[in-house]
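Below is the file my_file.pdb, which contains PDB, C-alpha atoms.
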```pdb
ATOM      1  CA  MET A   1      17.235  -2.384 -16.306  1.00  0.00           C
ATOM      2  CA  ILE A   2      15.039  -5.419 -16.813  1.00  0.00           C
ATOM      3  CA  GLU A   3      15.588  -8.827 -18.368  1.00  0.00           C
ATOM      4  CA  THR A   4      14.110  -9.188 -21.841  1.00  0.00           C
ATOM      5  CA  GLY A   5      10.645 -10.716 -21.749  1.00  0.00           C
ATOM      6  CA  ALA A   6      10.362 -10.380 -17.964  1.00  0.00           C
ATOM      7  CA  GLY A   7       7.018  -8.579 -18.102  1.00  0.00           C
ATOM      8  CA  LEU A   8       5.304 -10.565 -20.853  1.00  0.00           C
ATOM      9  CA  ARG A   9       3.275 -12.839 -18.566  1.00  0.00           C
ATOM     10  CA  ALA A  10       2.003  -9.745 -16.748  1.00  0.00           C
ATOM     11  CA  GLY A  11       1.084  -8.057 -20.039  1.00  0.00           C
ATOM     12  CA  PHE A  12       4.051  -5.685 -20.262  1.00  0.00           C
ATOM     13  CA  THR A  13       6.123  -5.816 -23.432  1.00  0.00           C
ATOM     14  CA  ASP A  14       9.770  -4.879 -23.752  1.00  0.00           C
ATOM     15  CA  ALA A  15       8.636  -1.984 -25.963  1.00  0.00           C
ATOM     16  CA  ALA A  16       6.483  -0.622 -23.140  1.00  0.00           C
ATOM     17  CA  TYR A  17       9.439  -0.733 -20.767  1.00  0.00           C
ATOM     18  CA  GLU A  18      11.675   0.947 -23.345  1.00  0.00           C
ATOM     19  CA  ALA A  19       9.064   3.676 -23.856  1.00  0.00           C
ATOM     20  CA  ALA A  20       9.234   4.289 -20.091  1.00  0.00           C
ATOM     21  CA  GLY A  21      13.024   4.627 -20.299  1.00  0.00           C
ATOM     22  CA  VAL A  22      13.991   1.181 -19.027  1.00  0.00           C
ATOM     23  CA  GLU A  23      17.060  -0.497 -20.510  1.00  0.00           C
ATOM     24  CA  ILE A  24      16.445  -4.081 -21.654  1.00  0.00           C
ATOM     25  CA  ALA A  25      19.127  -6.657 -20.848  1.00  0.00           C
ATOM     26  CA  ALA A  26      19.590  -9.308 -23.543  1.00  0.00           C
ATOM     27  CA  SER A  27      19.480 -12.107 -20.953  1.00  0.00           C
ATOM     28  CA  ALA A  28      19.302 -12.763 -17.233  1.00  0.00           C
ATOM     29  CA  GLU A  29      23.032 -13.402 -17.263  1.00  0.00           C
ATOM     30  CA  ALA A  30      23.700 -10.013 -18.834  1.00  0.00           C
ATOM     31  CA  LEU A  31      21.556  -8.314 -16.213  1.00  0.00           C
ATOM     32  CA  TRP A  32      23.332 -10.042 -13.304  1.00  0.00           C
ATOM     33  CA  ASP A  33      26.689  -9.059 -14.831  1.00  0.00           C
ATOM     34  CA  VAL A  34      26.012  -5.308 -14.851  1.00  0.00           C
ATOM     35  CA  ALA A  35      23.330  -4.544 -12.250  1.00  0.00           C
ATOM     36  CA  ASP A  36      24.471  -3.269  -8.863  1.00  0.00           C
ATOM     37  CA  ILE A  37      21.095  -4.167  -7.350  1.00  0.00           C
ATOM     38  CA  VAL A  38      19.095  -7.213  -8.451  1.00  0.00           C
ATOM     39  CA  ALA A  39      15.481  -7.612  -7.310  1.00  0.00           C
ATOM     40  CA  LYS A  40      13.828 -10.999  -7.773  1.00  0.00           C
ATOM     41  CA  VAL A  41      10.393 -12.332  -6.929  1.00  0.00           C
ATOM     42  CA  ARG A  42      11.468 -15.939  -6.444  1.00  0.00           C
ATOM     43  CA  PRO A  43      14.577 -16.997  -4.533  1.00  0.00           C
ATOM     44  CA  PRO A  44      17.760 -16.869  -6.611  1.00  0.00           C
ATOM     45  CA  THR A  45      19.241 -20.113  -7.836  1.00  0.00           C
ATOM     46  CA  PRO A  46      22.763 -21.217  -6.947  1.00  0.00           C
ATOM     47  CA  ASP A  47      23.789 -20.403 -10.542  1.00  0.00           C
ATOM     48  CA  GLU A  48      22.439 -16.868 -10.224  1.00  0.00           C
ATOM     49  CA  LEU A  49      24.196 -16.291  -6.921  1.00  0.00           C
ATOM     50  CA  GLY A  50      27.341 -17.708  -8.497  1.00  0.00           C
ATOM     51  CA  ARG A  51      27.251 -14.683 -10.816  1.00  0.00           C
ATOM     52  CA  THR A  52      27.159 -12.172  -7.970  1.00  0.00           C
ATOM     53  CA  ARG A  53      30.147 -10.017  -7.253  1.00  0.00           C
ATOM     54  CA  GLU A  54      31.517  -8.023  -4.372  1.00  0.00           C
ATOM     55  CA  GLY A  55      29.271  -5.097  -3.503  1.00  0.00           C
ATOM     56  CA  GLN A  56      26.258  -6.350  -5.440  1.00  0.00           C
ATOM     57  CA  LEU A  57      22.904  -6.326  -3.601  1.00  0.00           C
ATOM     58  CA  VAL A  58      20.250  -9.006  -4.119  1.00  0.00           C
ATOM     59  CA  ILE A  59      16.710  -8.332  -2.885  1.00  0.00           C
ATOM     60  CA  SER A  60      14.543 -11.441  -2.886  1.00  0.00           C
ATOM     61  CA  PHE A  61      12.962 -14.158  -0.823  1.00  0.00           C
ATOM     62  CA  PHE A  62      15.629 -16.467   0.600  1.00  0.00           C
ATOM     63  CA  TYR A  63      13.910 -18.621   3.242  1.00  0.00           C
ATOM     64  CA  ARG A  64      17.009 -18.936   5.400  1.00  0.00           C
ATOM     65  CA  ALA A  65      15.888 -22.143   7.156  1.00  0.00           C
ATOM     66  CA  GLN A  66      15.631 -24.021   3.859  1.00  0.00           C
ATOM     67  CA  ASN A  67      18.303 -22.191   1.853  1.00  0.00           C
ATOM     68  CA  GLY A  68      21.138 -21.304   4.190  1.00  0.00           C
ATOM     69  CA  ASP A  69      23.564 -22.402   1.502  1.00  0.00           C
ATOM     70  CA  LEU A  70      22.261 -19.637  -0.806  1.00  0.00           C
ATOM     71  CA  LEU A  71      23.024 -16.968   1.764  1.00  0.00           C
ATOM     72  CA  ASP A  72      26.438 -18.486   2.405  1.00  0.00           C
ATOM     73  CA  LEU A  73      27.158 -18.434  -1.335  1.00  0.00           C
ATOM     74  CA  ALA A  74      26.233 -14.748  -1.561  1.00  0.00           C
ATOM     75  CA  LYS A  75      28.397 -13.999   1.485  1.00  0.00           C
ATOM     76  CA  ASP A  76      31.349 -15.892   0.014  1.00  0.00           C
ATOM     77  CA  LYS A  77      31.069 -13.843  -3.202  1.00  0.00           C
ATOM     78  CA  GLY A  78      30.955 -10.567  -1.232  1.00  0.00           C
ATOM     79  CA  ALA A  79      27.366  -9.773  -2.187  1.00  0.00           C
ATOM     80  CA  SER A  80      24.783  -8.428   0.247  1.00  0.00           C
ATOM     81  CA  VAL A  81      21.209  -9.633   0.463  1.00  0.00           C
ATOM     82  CA  ILE A  82      17.909  -8.306   1.718  1.00  0.00           C
ATOM     83  CA  ALA A  83      15.705 -11.282   2.523  1.00  0.00           C
ATOM     84  CA  MET A  84      12.127 -10.127   2.006  1.00  0.00           C
ATOM     85  CA  ASP A  85      10.814 -13.130   3.925  1.00  0.00           C
ATOM     86  CA  MET A  86      12.525 -11.732   7.035  1.00  0.00           C
ATOM     87  CA  VAL A  87      10.588  -8.444   7.059  1.00  0.00           C
ATOM     88  CA  PRO A  88       8.748  -8.432  10.390  1.00  0.00           C
ATOM     89  CA  ARG A  89       4.956  -8.743  10.385  1.00  0.00           C
ATOM     90  CA  ILE A  90       4.338  -5.564  12.369  1.00  0.00           C
ATOM     91  CA  SER A  91       2.186  -2.550  11.564  1.00  0.00           C
ATOM     92  CA  ARG A  92       5.093  -0.219  10.764  1.00  0.00           C
ATOM     93  CA  ALA A  93       6.610  -2.707   8.310  1.00  0.00           C
ATOM     94  CA  GLN A  94       3.336  -3.830   6.745  1.00  0.00           C
ATOM     95  CA  LYS A  95       3.912  -1.858   3.541  1.00  0.00           C
ATOM     96  CA  MET A  96       7.159  -3.817   3.010  1.00  0.00           C
ATOM     97  CA  ASP A  97       5.757  -7.230   3.998  1.00  0.00           C
ATOM     98  CA  ALA A  98       4.994  -9.129   0.787  1.00  0.00           C
ATOM     99  CA  LEU A  99       2.210 -11.215   2.296  1.00  0.00           C
ATOM    100  CA  SER A 100       0.360  -8.217   3.749  1.00  0.00           C
ATOM    101  CA  SER A 101       0.825  -6.024   0.684  1.00  0.00           C
ATOM    102  CA  MET A 102      -0.386  -8.753  -1.684  1.00  0.00           C
ATOM    103  CA  ALA A 103      -3.422  -9.412   0.547  1.00  0.00           C
ATOM    104  CA  ASN A 104      -4.181  -5.692   0.351  1.00  0.00           C
ATOM    105  CA  ILE A 105      -3.945  -5.710  -3.451  1.00  0.00           C
ATOM    106  CA  ALA A 106      -6.097  -8.846  -3.626  1.00  0.00           C
ATOM    107  CA  GLY A 107      -8.778  -7.042  -1.633  1.00  0.00           C
ATOM    108  CA  TYR A 108      -8.820  -4.129  -4.070  1.00  0.00           C
ATOM    109  CA  ARG A 109      -8.889  -6.550  -6.999  1.00  0.00           C
ATOM    110  CA  ALA A 110     -11.842  -8.415  -5.473  1.00  0.00           C
ATOM    111  CA  VAL A 111     -13.861  -5.193  -5.358  1.00  0.00           C
ATOM    112  CA  ILE A 112     -13.010  -4.418  -8.995  1.00  0.00           C
ATOM    113  CA  GLU A 113     -13.929  -7.963 -10.056  1.00  0.00           C
ATOM    114  CA  ALA A 114     -17.201  -7.834  -8.111  1.00  0.00           C
ATOM    115  CA  GLY A 115     -18.105  -4.501  -9.707  1.00  0.00           C
ATOM    116  CA  ASN A 116     -17.347  -5.874 -13.150  1.00  0.00           C
TER
END
```
How would this structure read if it were set down as structure tokens?
Amino acid sequence: MIETGAGLRAGFTDAAYEAAGVEIAASAEALWDVADIVAKVRPPTPDELGRTREGQLVISFFYRAQNGDLLDLAKDKGASVIAMDMVPRISRAQKMDALSSMANIAGYRAVIEAGN
């Protein structure tokens, strides 16, 4: 399930997601209400975490040092979180580390751009 319009800035229409079998949620609120696992690129807002429920999993950047209150809010609601910013920067975890994986993609993109 994906929020309506979520892929537009990346060039992916809702129709393309539907053609791939993805269900489109009418709004972010609707998605948070029904999804058991929510993955976000940017840290969730207090309002978003206020919508979490017991047993729900949120995968996102949290930046614990700056946003401890967000993690406490999720804990108080009974939700679990996976803080992507806490993935260790070691070789075995490199494929899960957002900074390393994006640097890798940027390198491939640079070669494509140079060839173009």
Edge lengths and centre in Å to one decimal, as AutoDock Vina command-line options, of the axis-aligned box that encloses all listed atoms of segment 35-45 of chain A with 4 Å added on every side?
```
--center_x 17.4 --center_y -11.7 --center_z -8.4 --size_x 22.1 --size_y 24.8 --size_z 15.7
```
Task: Given the PyMOL selection byres ((chain A and resi 79) around 10), the residues it picks as a count of residues only - done: 21
Open item on the list: Report, in Å to a single decimal, how far apart atom CA of Lys40 of chain A and atom CA of Ala28 of chain A are.
Closed with: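 We find that atom CA of Ala28 of chain A and atom CA of Lys40 of chain A lie 11.1 Å from each other.
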TODO: Can you work out the spacing between atom CA of Ala20 of chain A and atom CA of Ala39 of chain A in Å, to one decimal?
DONE: 18.5 Å
Open item on the list: I'd like to know which of A:Ala10, A:Ala16, A:Ile59, A:Ala26 is closest to Arg42 of chain A, using all atoms listed in the file.
Closed with: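 Checking each of A:Ala10, A:Ala16, A:Ile59, A:Ala26 against Arg42 of chain A, counting all atoms listed in the file, the winner is A:Ile59.
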Open item on the list: Please determine, counting all atoms listed in the file, which residue among A:Gly107, A:Ile2, A:Ala35, A:Pro44 has the shortest atom-to-atom distance to Gly21 of chain A.
Closed with: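 Result for the nearest residue to Gly21 of chain A: A:Ile2.
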- [ ] Write out as a PyMOL selection string the residues lying within 10 Å of Met1 of chain A, counting only C-alpha atoms and excluding same-chain residues fewer than 5 positions away.
- [x] chain A and resi 17-18+21-25+31+34-35+37-38
Any chance you can output those residues with C-alpha atoms as a compact mmCIF listing (two decimals), in the coordinates of the input?
```txt
# COMPACT_ATOMS: atom_id res chain seq x y z
CA TYR A 17 9.44 -0.73 -20.77
CA GLU A 18 11.68 0.95 -23.34
CA GLY A 21 13.02 4.63 -20.30
CA VAL A 22 13.99 1.18 -19.03
CA GLU A 23 17.06 -0.50 -20.51
CA ILE A 24 16.44 -4.08 -21.65
CA ALA A 25 19.13 -6.66 -20.85
CA LEU A 31 21.56 -8.31 -16.21
CA VAL A 34 26.01 -5.31 -14.85
CA ALA A 35 23.33 -4.54 -12.25
CA ILE A 37 21.10 -4.17 -7.35
CA VAL A 38 19.10 -7.21 -8.45
```
List as a compact mmCIF listing (two decimals) with C-alpha atoms, in the coordinates of the input the residues having at least one atom at most 7 Å from position (15.5, -8.1, 1.3) as given in the file, counting only C-alpha atoms.
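The result, written out as part26.txt:
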```txt
# COMPACT_ATOMS: atom_id res chain seq x y z
CA ILE A 59 16.71 -8.33 -2.88
CA SER A 60 14.54 -11.44 -2.89
CA PHE A 61 12.96 -14.16 -0.82
CA VAL A 81 21.21 -9.63 0.46
CA ILE A 82 17.91 -8.31 1.72
CA ALA A 83 15.70 -11.28 2.52
CA MET A 84 12.13 -10.13 2.01
```
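Atom CA of Leu70 of chain A to atom CA of Thr45 of chain A spans 7.7 Å [interatomic distance, one decimal].
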